[in-house]
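As provided, model38.csv (CSV, C-alpha atoms) reads as follows.
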```csv
chain,number,residue,atom,x,y,z
A,1,MET,CA,156.6,-12.1,52.7
A,2,HIS,CA,157.8,-13.7,56.0
A,3,ALA,CA,161.1,-15.5,55.9
A,4,ILE,CA,162.1,-18.3,58.2
A,5,GLU,CA,165.6,-19.8,58.1
A,6,PHE,CA,166.7,-23.1,59.6
A,7,GLN,CA,169.1,-25.9,58.9
A,8,THR,CA,168.0,-29.5,58.2
A,9,THR,CA,169.1,-32.6,56.5
A,10,VAL,CA,167.3,-34.0,53.5
A,11,HIS,CA,166.3,-37.7,53.8
A,12,ASP,CA,164.8,-39.5,50.8
A,13,GLY,CA,163.7,-36.1,49.3
A,14,VAL,CA,161.9,-35.0,52.6
A,15,LEU,CA,162.9,-31.9,54.5
A,16,GLN,CA,162.2,-32.1,58.2
A,17,ILE,CA,160.7,-28.8,59.5
A,18,PRO,CA,161.8,-28.0,63.1
A,19,LEU,CA,159.0,-28.4,65.7
A,20,GLU,CA,159.0,-24.6,66.5
A,21,TYR,CA,157.9,-23.8,62.9
A,22,ARG,CA,155.6,-26.8,62.1
A,23,ARG,CA,152.4,-25.3,63.5
A,24,GLU,CA,153.0,-21.9,61.8
A,25,LEU,CA,153.6,-23.6,58.4
A,26,ASP,CA,151.1,-26.4,58.6
A,27,GLY,CA,148.8,-26.3,55.5
A,28,ARG,CA,150.4,-23.2,54.0
A,29,ASP,CA,151.9,-22.9,50.6
A,30,VAL,CA,155.6,-22.1,50.9
A,31,ARG,CA,158.5,-21.2,48.7
A,32,VAL,CA,161.7,-23.2,49.4
A,33,VAL,CA,165.2,-22.1,48.6
A,34,VAL,CA,167.9,-24.6,49.1
A,35,ASP,CA,171.4,-23.5,50.0
A,36,THR,CA,173.8,-26.5,50.1
A,37,ARG,CA,176.8,-24.6,51.6
A,38,THR,CA,178.4,-26.2,54.5
A,39,GLU,CA,179.8,-24.4,57.5
A,40,ASP,CA,183.3,-25.6,56.6
A,41,ALA,CA,184.2,-23.3,53.7
A,42,GLY,CA,187.4,-25.2,53.1
A,43,GLU,CA,185.5,-28.3,52.2
A,44,THR,CA,185.6,-27.5,48.5
A,45,GLU,CA,189.3,-26.8,48.6
A,46,THR,CA,191.6,-29.8,48.3
A,47,LEU,CA,194.1,-30.7,50.9
A,48,LEU,CA,197.0,-30.1,48.5
A,49,ALA,CA,195.7,-26.6,47.8
A,50,ARG,CA,195.5,-25.8,51.5
A,51,LEU,CA,199.0,-27.2,52.1
A,52,ARG,CA,200.4,-25.0,49.3
A,53,ARG,CA,199.1,-21.9,51.2
A,54,ALA,CA,200.7,-23.1,54.5
A,55,ARG,CA,203.7,-21.0,55.6
A,56,MET,CA,206.4,-22.0,58.0
A,57,ALA,CA,209.1,-19.9,59.7
A,58,GLY,CA,212.4,-21.3,60.9
A,59,PRO,CA,216.2,-21.0,60.4
A,60,ALA,CA,217.4,-20.6,56.8
A,61,ASP,CA,219.4,-23.9,57.0
A,62,LEU,CA,216.5,-26.0,58.5
A,63,SER,CA,215.9,-27.9,55.3
A,64,THR,CA,219.6,-29.0,55.0
A,65,ASP,CA,220.5,-29.4,58.7
A,66,HIS,CA,217.2,-30.6,60.2
A,67,ASP,CA,218.8,-33.6,61.8
A,68,ALA,CA,221.1,-31.4,63.8
A,69,TYR,CA,218.1,-29.4,65.1
A,70,VAL,CA,216.2,-32.5,66.0
A,71,ILE,CA,219.0,-34.1,68.1
A,72,GLY,CA,219.9,-30.8,69.7
A,73,ASN,CA,223.3,-29.9,68.1
A,74,ARG,CA,222.0,-26.6,66.8
A,75,ASP,CA,220.7,-23.6,68.8
A,76,ALA,CA,217.1,-23.6,67.6
```
Take the structure in the file and write it out as structure tokens.
Amino acid sequence: MHAIEFQTTVHDGVLQIPLEYRRELDGRDVRVVVDTRTEDAGETETLLARLRRARMAGPADLSTDHDAYVIGNRDA
């Protein structure tokens, strides 16, 4: 068994085989395995789930005195 791997987009049920492999595969019976994973692994994760994992560092009183930090009354 000789495996060839490439990425392509399906259009109307047709897979486009890259030019570099077309001659080699022309007229041959092939077994096709489709992997629909995307490069962005976070795509299946919702934005809210990603935001819940976000961590911030800052002064302990930032949530109550944030205005003072924004206008410069606190040493940030």
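Interatomic distance, atom CA of A:Thr44 to atom CA of A:Asp12: 24.1 Å.
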Check your understanding: Which residues, written as a PyMOL selection string, have at least one atom at most 12 Å from stretch 29-31 of chain A, with all atoms listed in the file counted and residues fewer than 3 positions away on the same chain left out?
Key -> chain A and resi 1-5+24-26+34
Point to revise | Distance query 12 Å from (166.8, -30.3, 56.9) using only C-alpha atoms, result as a ChimeraX atom specification | key: /A:5-19,32-36
Check your understanding: Rounded to one decimal in Å, what is the spacing between atom CA of A:Gly72 and atom CA of A:Pro59?
Key -> 14.0 Å
Practice item. One decimal, Å: what's the distance from atom CA of A:Ser63 over to atom CA of A:Leu51, could you say? Key: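 Atom CA of A:Leu51 lies 17.2 Å from atom CA of A:Ser63.
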